[in-house]
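Engineer: Sharing a structure, written as structure tokens. Questions coming.
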Amino acid sequence: MPSNDQWVSVNQHQKITIEAGTSTLVDVLRELEIDSKVAVAIDNQIVTQSAWPDTVLHGGEQLSIFGAIAGG
Amino acid sequence: MAEALSDREFIRYSRQLMLDQWQEEGQLRLKQAKVLIIGCGGLGNTAASLLAGAGVGQLTLMDDDSVELSNLPRQISYEMDDIDNAKAFALANRLREQNDDIEVIALKQRFDLSCAKHHLIKFDLVLDCSDNFTTRFLLNQQCVAAQLPLLSASVIGWHGQLLMITPKTLEYGCYQCVFATADDQVSNCNNSGVAGSAVAIVASYQANEAIRFLLGHVSALSQSILLIDTLSANNQLLQRTRNIDCVACGDNRSMIDAV
């Protein structure tokens, strides 16, 4: 049976294995041990936090994960 | 539209009047414009100075802080003699020296709910140059509720973030649609450091977008967030999406509106 393992890139320098068609953004963040105080974009499109659990990854996506900064 | 420009204003603004995107009509728009700047730190210093120089007719500066020695590397309008003086007043004095054809109002106070009621009116644009998430989230919520355009900039280390929230482009969401939550302990200039040159870059982007907005041009930042990386010179423009459940701009925001 063929593997469904695929890769997504994170912030252009890290690759994470996902299960294509099954893994969600929440799964990736859990694997990266990142809490919810971040913003996430897939292929330069922000995904609002409420949509993370339902956002399924298929492999090849470029994720941008970043926190808000407060300094002025 | 306002009265015509004076001879002195024609001379003062002659180089920018030459720009196709500016011209006399644009200068008159700036002369009529009223901008509120929250925070007179590094971003507020440079952004306010660029707006004053450009001829924005009225600038209101709000900050409850005083100048400290450790501010001087990046808060470039302040001098040694300003230490311990109120930032809002010191910056206002500098801007008045820079351009006496504009009006500058200084408010030594922190932005909070009570002052939002009194001050978030009759502005064409609000600039968030603050240094903490409490102010950033509150200002976003109050500007959305008051239907005031907000241009939010932030900087830390060598990195910056910039986005515009306007009533006309609210389908792309607000600050809190991008950042549902944040932690003040994680990222501010006091605990993480900041490069003065990076602050000036981010503030210049902010001023550039403010001027373009006041001139009447459409900004890509109204539907996106710009991540500025001054280390790699590799900026990233990310498209925004509105969160229908957002406490600030979502479908159930009546609680905020009522404040």
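Chain lettering (A, B, ...) mirrors the order of the structure tokens, residue numbering begins at 1 for each chain separately, and ligand numbering begins at 1 in order of display.
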Should the cut-off be 10 Å, what would the residue list for chain A against chain B look like, counting only C-alpha atoms, as a PyMOL selection string?

Structural biologist: chain A and resi 36-51+64+66-72

Engineer: Taking the backbone alone, and naming residues the way the document does, which bits of segment 40-233 of chain B are strand (DSSP E) by DSSP, as a PDB file with C-alpha atoms, in the first residue's frame?

Structural biologist:
```
ATOM      1  CA  GLN B  58      -3.266  68.092  11.749  1.00  0.00           C
ATOM      2  CA  LEU B  59      -1.326  65.550  13.795  1.00  0.00           C
ATOM      3  CA  THR B  60      -2.467  64.439  17.240  1.00  0.00           C
ATOM      4  CA  LEU B  61       0.172  62.651  19.321  1.00  0.00           C
ATOM      5  CA  MET B  62      -0.744  60.451  22.269  1.00  0.00           C
ATOM      6  CA  GLU B 103      -1.225  71.920  13.551  1.00  0.00           C
ATOM      7  CA  VAL B 104       0.211  69.550  16.155  1.00  0.00           C
ATOM      8  CA  ILE B 105      -1.762  68.487  19.237  1.00  0.00           C
ATOM      9  CA  ALA B 106      -0.022  66.633  22.078  1.00  0.00           C
ATOM     10  CA  LEU B 107      -1.841  64.451  24.625  1.00  0.00           C
ATOM     11  CA  LEU B 125      -6.521  57.836   9.893  1.00  0.00           C
ATOM     12  CA  VAL B 126      -5.110  56.360  13.095  1.00  0.00           C
ATOM     13  CA  LEU B 127      -1.527  55.105  13.310  1.00  0.00           C
ATOM     14  CA  ASP B 128      -0.761  52.385  15.837  1.00  0.00           C
ATOM     15  CA  LEU B 150      -6.176  52.024  11.315  1.00  0.00           C
ATOM     16  CA  LEU B 151      -2.623  51.552  10.075  1.00  0.00           C
ATOM     17  CA  SER B 152      -0.879  49.219  12.487  1.00  0.00           C
ATOM     18  CA  ALA B 153       2.911  48.896  12.577  1.00  0.00           C
ATOM     19  CA  SER B 154       5.139  47.038  15.002  1.00  0.00           C
ATOM     20  CA  VAL B 155       8.816  46.250  15.230  1.00  0.00           C
ATOM     21  CA  ILE B 156      11.178  44.138  17.269  1.00  0.00           C
ATOM     22  CA  HIS B 159      11.654  42.574  12.025  1.00  0.00           C
ATOM     23  CA  GLY B 160       8.442  44.485  11.485  1.00  0.00           C
ATOM     24  CA  GLN B 161       4.766  43.928  10.744  1.00  0.00           C
ATOM     25  CA  LEU B 162       2.438  46.319   8.933  1.00  0.00           C
ATOM     26  CA  LEU B 163      -1.250  46.134   8.072  1.00  0.00           C
ATOM     27  CA  MET B 164      -4.133  48.493   7.340  1.00  0.00           C
ATOM     28  CA  ILE B 165      -7.694  47.985   8.557  1.00  0.00           C
ATOM     29  CA  SER B 224      -2.877  41.857   3.609  1.00  0.00           C
ATOM     30  CA  ILE B 225      -0.143  41.987   6.216  1.00  0.00           C
ATOM     31  CA  LEU B 226       3.438  42.835   5.311  1.00  0.00           C
ATOM     32  CA  LEU B 227       6.166  41.003   7.207  1.00  0.00           C
ATOM     33  CA  ILE B 228       9.355  43.050   7.002  1.00  0.00           C
ATOM     34  CA  ASP B 229      12.672  41.275   7.486  1.00  0.00           C
TER      35      ASP B 229
END
```
